[in-house]
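Raw contents of structure29.txt, compact mmCIF, C-alpha atoms:
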```txt
# COMPACT_ATOMS: atom_id res chain seq x y z
CA MET A 1 15.80 -17.88 17.34
CA ALA A 2 13.77 -14.70 16.80
CA PRO A 3 11.32 -13.65 19.50
CA GLN A 4 7.73 -14.55 18.72
CA MET A 5 5.36 -11.77 17.76
CA ASN A 6 2.28 -11.21 19.89
CA LEU A 7 -1.05 -10.02 18.54
CA GLU A 8 -0.53 -6.41 19.61
CA ASP A 9 2.79 -6.25 17.73
CA ALA A 10 1.15 -7.85 14.69
CA LEU A 11 -1.64 -5.26 14.72
CA GLN A 12 0.84 -2.39 14.98
CA LEU A 13 2.86 -3.77 12.07
CA PHE A 14 -0.35 -4.23 10.04
CA MET A 15 -1.44 -0.63 10.73
CA ARG A 16 1.99 0.70 9.78
CA ARG A 17 2.02 -1.23 6.49
CA VAL A 18 -1.53 -0.21 5.57
CA ASP A 19 -0.71 3.42 6.40
CA ILE A 20 2.24 3.30 4.00
CA ILE A 21 0.16 1.67 1.25
CA VAL A 22 -2.62 4.25 1.63
CA SER A 23 -0.09 7.09 1.61
CA MET A 24 1.51 5.73 -1.57
CA GLU A 25 -1.90 5.46 -3.25
CA MET A 26 -2.89 8.97 -2.19
CA GLY A 27 0.42 10.30 -3.49
CA SER A 28 -0.19 8.58 -6.85
CA LYS A 29 2.84 6.31 -6.40
CA ILE A 30 0.75 3.16 -6.87
CA PRO A 31 -2.64 2.61 -8.56
CA THR A 32 -5.77 2.14 -6.45
CA LYS A 33 -6.22 -1.49 -7.55
CA GLU A 34 -2.67 -2.34 -6.52
CA ALA A 35 -3.19 -0.65 -3.14
CA TYR A 36 -6.37 -2.66 -2.66
CA LYS A 37 -4.55 -5.91 -3.48
CA GLU A 38 -1.68 -5.02 -1.14
CA ILE A 39 -4.04 -4.21 1.74
CA LYS A 40 -5.99 -7.39 1.09
CA ASP A 41 -2.72 -9.33 1.26
CA GLU A 42 -1.84 -7.62 4.55
CA VAL A 43 -5.23 -8.62 5.98
CA ARG A 44 -4.58 -12.21 4.89
CA LYS A 45 -1.17 -12.18 6.58
CA LEU A 46 -2.67 -10.73 9.77
CA LYS A 47 -5.39 -13.39 9.90
CA LYS A 48 -2.82 -16.14 9.38
CA LEU A 49 -0.61 -14.75 12.12
CA LYS A 50 -3.59 -14.35 14.45
CA LYS A 51 -4.48 -18.02 13.97
CA LYS A 52 -0.88 -19.03 14.61
CA ILE A 53 -0.69 -16.94 17.79
CA HIS A 54 -4.04 -18.31 18.98
CA HIS A 55 -2.90 -21.85 18.29
CA GLU A 56 0.37 -21.36 20.16
CA THR A 57 -1.37 -19.65 23.07
CA TYR A 58 -4.44 -21.81 23.60
CA VAL A 59 -4.16 -25.09 21.76
CA SER A 60 -0.60 -25.88 22.81
CA ARG A 61 -1.46 -25.71 26.51
CA ASP A 62 -2.13 -28.82 28.54
CA PRO A 63 -5.75 -29.75 28.02
CA VAL A 64 -8.07 -28.86 30.86
CA PRO A 65 -10.68 -31.49 31.64
CA SER A 66 -14.11 -30.29 30.64
CA THR A 67 -17.02 -30.34 33.05
CA ASN A 68 -19.47 -30.29 30.15
CA VAL A 69 -19.12 -33.93 29.23
CA VAL A 70 -22.07 -35.86 27.90
CA HIS A 71 -21.94 -39.59 28.55
CA LEU A 72 -23.72 -41.66 25.95
CA ASP A 73 -24.99 -45.15 26.55
CA TRP A 74 -24.94 -46.76 23.12
CA ASP A 75 -26.95 -49.75 24.35
CA GLU A 76 -29.84 -47.58 25.47
CA LYS A 77 -32.92 -47.94 23.30
CA LEU A 78 -34.03 -44.78 21.51
CA PRO A 79 -37.66 -43.74 21.92
CA ASP A 80 -40.03 -44.48 19.05
CA LEU A 81 -41.04 -41.40 17.13
```
Taking this structure as input, can you express it in the form of structure tokens?
Amino acid sequence: MAPQMNLEDALQLFMRRVDIIVSMEMGSKIPTKEAYKEIKDEVRKLKKLKKKIHHETYVSRDPVPSTNVVHLDWDEKLPDL
């Protein structure tokens, strides 16, 4: 099983890929529109990975009981407006 990527590693990989795409566009190896699409795709991948990392880090933990609980009494009469 491959080690899981953390957010810092994901950002470094994103920056490296974008740097290569920009360099290729500046060197006339790829058209500007293609570079834009490639960078947009890299942003999409980064966002998806960020959500996955966040989910694994925070949502997968044991839930901590909240102290901000509102108790509702459904039998209580609402005030007339």
Excluding region 18-29 of chain A and any residue of its chain fewer than 6 positions from it, enumerate the residues within 9 Å of it, using all atoms listed in the file, and give them as an mmCIF file with C-alpha atoms, in the coordinates of the input.
```
data_model
loop_
_atom_site.group_PDB
_atom_site.id
_atom_site.type_symbol
_atom_site.label_atom_id
_atom_site.label_comp_id
_atom_site.auth_asym_id
_atom_site.auth_seq_id
_atom_site.Cartn_x
_atom_site.Cartn_y
_atom_site.Cartn_z
ATOM 1 C CA ALA A 35 -3.190 -0.650 -3.140
ATOM 2 C CA TYR A 36 -6.370 -2.660 -2.660
ATOM 3 C CA GLU A 38 -1.680 -5.020 -1.140
ATOM 4 C CA ILE A 39 -4.040 -4.210 1.740
ATOM 5 C CA GLU A 42 -1.840 -7.620 4.550
#
```
Fill in: Selected residue, from A:Arg17, A:Asn6, A:Gln12, A:Lys37, that lies nearest to Lys51 (chain A) when counting only C-alpha atoms
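Looking at the shortest contact to Lys51 (chain A), the residue is A:Asn6.
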Practice prompt. Quote the spacing between CA of Lys33 (chain A) and CA of Lys50 (chain A) in Å to one decimal place.
Written response: 25.6 Å
Discussion item. Report as number ranges by chain all protein, DNA and RNA residues lying within 12 Å of Lys47 (chain A), evaluated on all atoms listed in the file, omitting residues in the same chain fewer than 5 positions from it.
Written reply: A: 7, 10-11, 14, 40-42, 52-54
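CA of Tyr58 (chain A) is positioned 25.0 Å from CA of Met15 (chain A).
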